[in-house]
$ cat upload-v7.tsv   # TSV, C-alpha atoms
chain	number	residue	atom	x	y	z
C	1	MET	CA	-37.38	-0.34	11.83
C	2	GLN	CA	-34.41	0.43	9.61
C	3	GLN	CA	-30.95	-0.41	10.97
C	4	LYS	CA	-28.67	2.59	11.24
C	5	THR	CA	-25.42	2.22	9.33
C	6	LYS	CA	-22.22	1.70	11.27
C	7	ALA	CA	-20.16	3.38	8.55
C	8	LEU	CA	-18.45	6.38	10.05
C	9	PHE	CA	-16.16	7.26	7.14
C	10	GLU	CA	-13.81	9.11	9.50
C	11	CYS	CA	-10.21	9.09	8.31
C	12	GLU	CA	-7.12	9.24	10.47
C	13	VAL	CA	-3.46	8.29	10.57
C	14	MET	CA	-2.28	5.45	12.77
C	15	GLU	CA	0.92	3.49	13.19
C	16	LYS	CA	1.00	-0.15	14.22
C	17	GLU	CA	2.87	-3.42	13.83
C	18	PHE	CA	1.20	-6.82	13.66
C	19	ASN	CA	1.95	-10.49	14.26
C	20	LEU	CA	-0.58	-12.43	12.20
C	21	VAL	CA	-1.41	-16.11	11.70
C	22	GLY	CA	-3.86	-17.33	9.09
C	23	GLN	CA	-4.65	-18.71	5.66
C	24	SER	CA	-4.55	-17.20	2.21
C	25	VAL	CA	-5.89	-17.60	-1.28
C	26	THR	CA	-4.41	-16.43	-4.57
C	27	ALA	CA	-6.84	-15.90	-7.42
C	28	ASN	CA	-7.33	-13.94	-10.64
C	29	PHE	CA	-7.86	-10.24	-10.04
C	30	PRO	CA	-10.33	-8.66	-10.31
C	31	ASP	CA	-12.52	-11.45	-11.76
C	32	ALA	CA	-12.39	-13.82	-8.75
C	33	PHE	CA	-13.03	-11.10	-6.16
C	34	PRO	CA	-14.80	-10.50	-3.84
C	35	GLN	CA	-15.90	-14.18	-3.87
C	36	ALA	CA	-12.36	-15.51	-3.24
C	37	ALA	CA	-12.03	-13.20	-0.23
C	38	MET	CA	-15.37	-14.32	1.20
C	39	ASP	CA	-14.42	-17.98	0.68
C	40	ILE	CA	-11.10	-17.68	2.53
C	41	HIS	CA	-12.82	-15.83	5.38
C	42	TYR	CA	-15.36	-18.64	5.69
C	43	LYS	CA	-12.66	-21.36	5.62
C	44	PHE	CA	-10.53	-19.46	8.11
C	45	GLU	CA	-13.41	-18.83	10.51
C	46	GLN	CA	-13.87	-22.62	10.71
C	47	ARG	CA	-10.24	-22.99	11.89
C	48	ARG	CA	-9.56	-19.86	13.95
C	49	ASP	CA	-9.92	-21.74	17.26
C	50	GLU	CA	-6.75	-23.67	16.34
C	51	ILE	CA	-4.72	-20.51	16.92
C	52	LYS	CA	-3.85	-20.72	20.61
C	53	ASN	CA	-2.27	-17.30	21.25
C	54	ALA	CA	-4.80	-15.04	19.52
C	55	VAL	CA	-5.30	-11.52	20.81
C	56	ASN	CA	-9.03	-11.51	19.90
C	57	ARG	CA	-10.78	-14.32	17.97
C	58	ASP	CA	-13.58	-11.98	16.87
C	59	VAL	CA	-11.32	-9.66	14.87
C	60	ILE	CA	-10.27	-10.97	11.45
C	61	TYR	CA	-7.29	-9.28	9.77
C	62	ALA	CA	-7.19	-9.48	5.99
C	63	PRO	CA	-3.93	-8.19	4.51
C	64	TYR	CA	-3.66	-8.43	0.76
C	65	MET	CA	-1.35	-7.94	-2.20
C	66	CYS	CA	-2.56	-7.49	-5.74
C	67	ASN	CA	-1.78	-6.29	-9.21
C	68	GLU	CA	-3.98	-6.34	-12.29
C	69	ILE	CA	-3.39	-10.07	-12.79
C	70	VAL	CA	-3.71	-11.85	-9.42
C	71	ALA	CA	-4.34	-11.08	-5.78
C	72	THR	CA	-3.33	-12.87	-2.60
C	73	TYR	CA	-5.80	-12.28	0.20
C	74	PHE	CA	-5.49	-13.51	3.80
C	75	GLY	CA	-7.77	-14.30	6.70
C	76	CYS	CA	-5.78	-13.98	9.95
C	77	LEU	CA	-5.89	-13.41	13.66
C	78	GLU	CA	-3.51	-11.11	15.46
C	79	VAL	CA	-1.31	-13.15	17.82
C	80	ARG	CA	0.96	-12.35	20.75
C	81	ASP	CA	3.89	-14.20	19.15
C	82	LEU	CA	4.67	-16.43	16.19
C	83	GLU	CA	5.76	-19.50	18.18
C	84	SER	CA	2.74	-21.70	17.41
C	85	ILE	CA	1.42	-21.82	13.84
C	86	PRO	CA	-1.18	-24.49	12.95
C	87	ALA	CA	-0.62	-26.79	9.97
C	88	ALA	CA	-1.43	-25.29	6.55
C	89	MET	CA	-1.36	-21.76	8.00
C	90	VAL	CA	1.27	-19.06	7.77
C	91	GLY	CA	2.54	-16.70	10.45
C	92	PHE	CA	4.27	-13.39	9.74
C	93	HIS	CA	5.30	-10.10	11.29
C	94	VAL	CA	4.29	-6.81	9.70
C	95	PRO	CA	6.72	-4.10	10.90
C	96	ALA	CA	5.45	-0.83	12.34
C	97	THR	CA	3.86	1.06	9.47
C	98	LYS	CA	1.98	4.33	9.10
C	99	TYR	CA	-1.51	3.72	7.79
C	100	ALA	CA	-4.31	5.91	6.54
C	101	LYS	CA	-7.40	4.43	8.22
C	102	ILE	CA	-11.12	4.69	7.67
C	103	THR	CA	-13.99	2.93	9.43
C	104	CYS	CA	-16.82	1.58	7.30
C	105	THR	CA	-18.81	-1.68	7.18
C	106	ASN	CA	-18.78	-4.92	5.23
C	107	ARG	CA	-21.55	-3.36	3.08
C	108	THR	CA	-19.71	-0.08	2.41
C	109	ILE	CA	-16.12	-1.21	1.74
C	110	GLU	CA	-16.05	0.12	-1.82
C	111	GLU	CA	-17.31	3.53	-0.66
C	112	GLY	CA	-14.82	3.39	2.22
C	113	TYR	CA	-11.88	2.94	-0.17
C	114	THR	CA	-13.14	5.77	-2.40
C	115	LYS	CA	-13.37	8.16	0.56
C	116	LEU	CA	-10.03	7.02	2.03
C	117	PHE	CA	-8.11	7.50	-1.22
C	118	GLU	CA	-9.73	10.91	-1.71
C	119	TRP	CA	-8.70	11.89	1.85
C	120	MET	CA	-5.16	10.62	1.18
C	121	ARG	CA	-4.92	12.71	-2.01
C	122	ASN	CA	-6.21	15.80	-0.18
C	123	ASN	CA	-3.55	15.31	2.51
C	124	ARG	CA	-0.78	14.59	0.01
C	125	TYR	CA	-0.38	10.97	1.09
C	126	LYS	CA	0.65	8.42	-1.50
C	127	GLN	CA	0.01	4.68	-1.13
C	128	LYS	CA	3.14	2.76	-0.17
C	129	TRP	CA	3.49	-0.41	-2.22
C	130	PHE	CA	4.49	-3.72	-0.62
C	131	ASP	CA	7.86	-2.69	0.81
C	132	GLN	CA	7.46	-4.50	4.14
C	133	SER	CA	3.82	-3.46	4.25
C	134	PHE	CA	0.48	-4.04	2.61
C	135	PRO	CA	-3.11	-2.85	2.96
C	136	ILE	CA	-5.15	-4.56	5.67
C	137	GLU	CA	-8.89	-4.89	6.09
C	138	ILE	CA	-9.97	-5.52	9.70
C	139	PHE	CA	-13.36	-7.16	10.26
C	140	TYR	CA	-15.05	-7.01	13.67
C	141	ILE	CA	-17.16	-10.18	13.77
C	142	GLU	CA	-20.56	-9.86	15.44
C	143	GLU	CA	-22.90	-12.84	15.61
C	144	GLY	CA	-26.39	-12.30	14.23
C	145	VAL	CA	-25.82	-9.00	12.43
C	146	GLU	CA	-25.72	-8.36	8.70
C	147	GLU	CA	-23.58	-5.23	8.84
C	148	GLU	CA	-20.26	-5.47	10.67
C	149	THR	CA	-17.69	-2.77	11.35
C	150	VAL	CA	-14.64	-2.84	9.07
C	151	GLU	CA	-11.47	-0.74	9.24
C	152	LEU	CA	-9.46	-0.20	6.09
C	153	LEU	CA	-5.74	0.47	6.54
C	154	VAL	CA	-3.60	1.65	3.62
C	155	PRO	CA	0.14	2.16	4.15
C	156	PHE	CA	1.34	5.52	2.89
C	157	ILE	CA	4.21	7.91	2.45
C	158	GLU	CA	3.95	11.67	2.44
C	159	ASP	CA	4.06	13.07	-1.07
C	160	LYS	CA	5.30	16.57	-0.30

$ encode --input "upload-v7.tsv" --output "structure tokens"
Amino acid sequence: MQQKTKALFECEVMEKEFNLVGQSVTANFPDAFPQAAMDIHYKFEQRRDEIKNAVNRDVIYAPYMCNEIVATYFGCLEVRDLESIPAAMVGFHVPATKYAKITCTNRTIEEGYTKLFEWMRNNRYKQKWFDQSFPIEIFYIEEGVEEETVELLVPFIEDK
């Protein structure tokens, strides 16, 4: 029996703010990716129980910043507040931001970004670059499955 894909590829606009606590890696871009991202997720998953005020331990938030030289990629949990940050982790607040969002899977992320950026262009949305915001990948961890739901969030401004 073939598993049905969880990729919905439905785009929408959402606005949200986040308090996040986690770990990051900075590596050469694009050469070190996606392996560097997978490595930080694995390391972070081993330590996520140290975060005492997590909203949901089975949802990994992965904000990132990159240019054509290096990328910094995070593995985080959303937290209720930033009062308790484990050693060798970082905690930060992402202000309320408008995001273009698409739902895909860990196996269809590349296709998800292609469809999301096409949808943004068609709606005259332009990616907002790192001014108190950054793109975020949200992974919904499910034990024992190979294909997990992922949401891609890209901050934007209207280009009208």

$ residues_around --input "upload-v7.tsv" --residues "C:Thr105" --least-positions-apart "6" --cutoff "10 Å" --atoms "all atoms listed in the file" --output "list in words"
Thr5, Lys6, Ala7, Leu8, Phe9, Glu111, Gly112, Ile138, Phe139, Tyr140, Glu146, Glu147, Glu148, Thr149, Val150, Glu151 and Leu152 of chain C

$ atom_distance --input "upload-v7.tsv" --atom1 "atom CA of C:Glu68" --atom2 "atom CA of C:Asn28"
8.5 Å

$ residues_around --input "upload-v7.tsv" --residues "C:Ala100" --least-positions-apart "6" --cutoff "9 Å" --atoms "all atoms listed in the file" --output "ChimeraX atom specification"
/C:11-15,116-117,119-120,125,127,152-156

$ residues_around --input "upload-v7.tsv" --residues "C:Pro95" --least-positions-apart "3" --cutoff "10 Å" --atoms "only C-alpha atoms" --output "PyMOL selection string"
chain C and resi 15-19+92+98+132-133

$ residues_around --input "upload-v7.tsv" --residues "stretch 38-42 of chain C" --least-positions-apart "4" --cutoff "9 Å" --atoms "all atoms listed in the file" --output "ChimeraX atom specification"
/C:23-25,33-34,46,60,62,73-76

$ closest_residue --input "upload-v7.tsv" --among "C:Met65, C:Ala32, C:Ile109, C:Ile85" --to "C:Glu50" --atoms "all atoms listed in the file"
C:Ile85

$ closest_residue --input "upload-v7.tsv" --among "C:Ala37, C:Val145, C:Val21, C:Cys66" --to "C:Ala88" --atoms "all atoms listed in the file"
C:Val21

$ atom_distance --input "upload-v7.tsv" --atom1 "atom CA of C:Asp31" --atom2 "atom CA of C:Asp131"
25.5 Å

$ atom_distance --input "upload-v7.tsv" --atom1 "atom CA of C:Glu142" --atom2 "atom CA of C:Val55"
16.3 Å

$ closest_residue --input "upload-v7.tsv" --among "C:Ala96, C:Val70, C:Ile102, C:Val90" --to "C:Glu137" --atoms "all atoms listed in the file"
C:Ile102

$ closest_residue --input "upload-v7.tsv" --among "C:Glu110, C:Gly91, C:Asn123, C:Phe44" --to "C:Arg57" --atoms "all atoms listed in the file"
C:Phe44

$ closest_residue --input "upload-v7.tsv" --among "C:Thr72, C:Asn122, C:Thr103, C:Thr97" --to "C:Ile157" --atoms "all atoms listed in the file"
C:Thr97
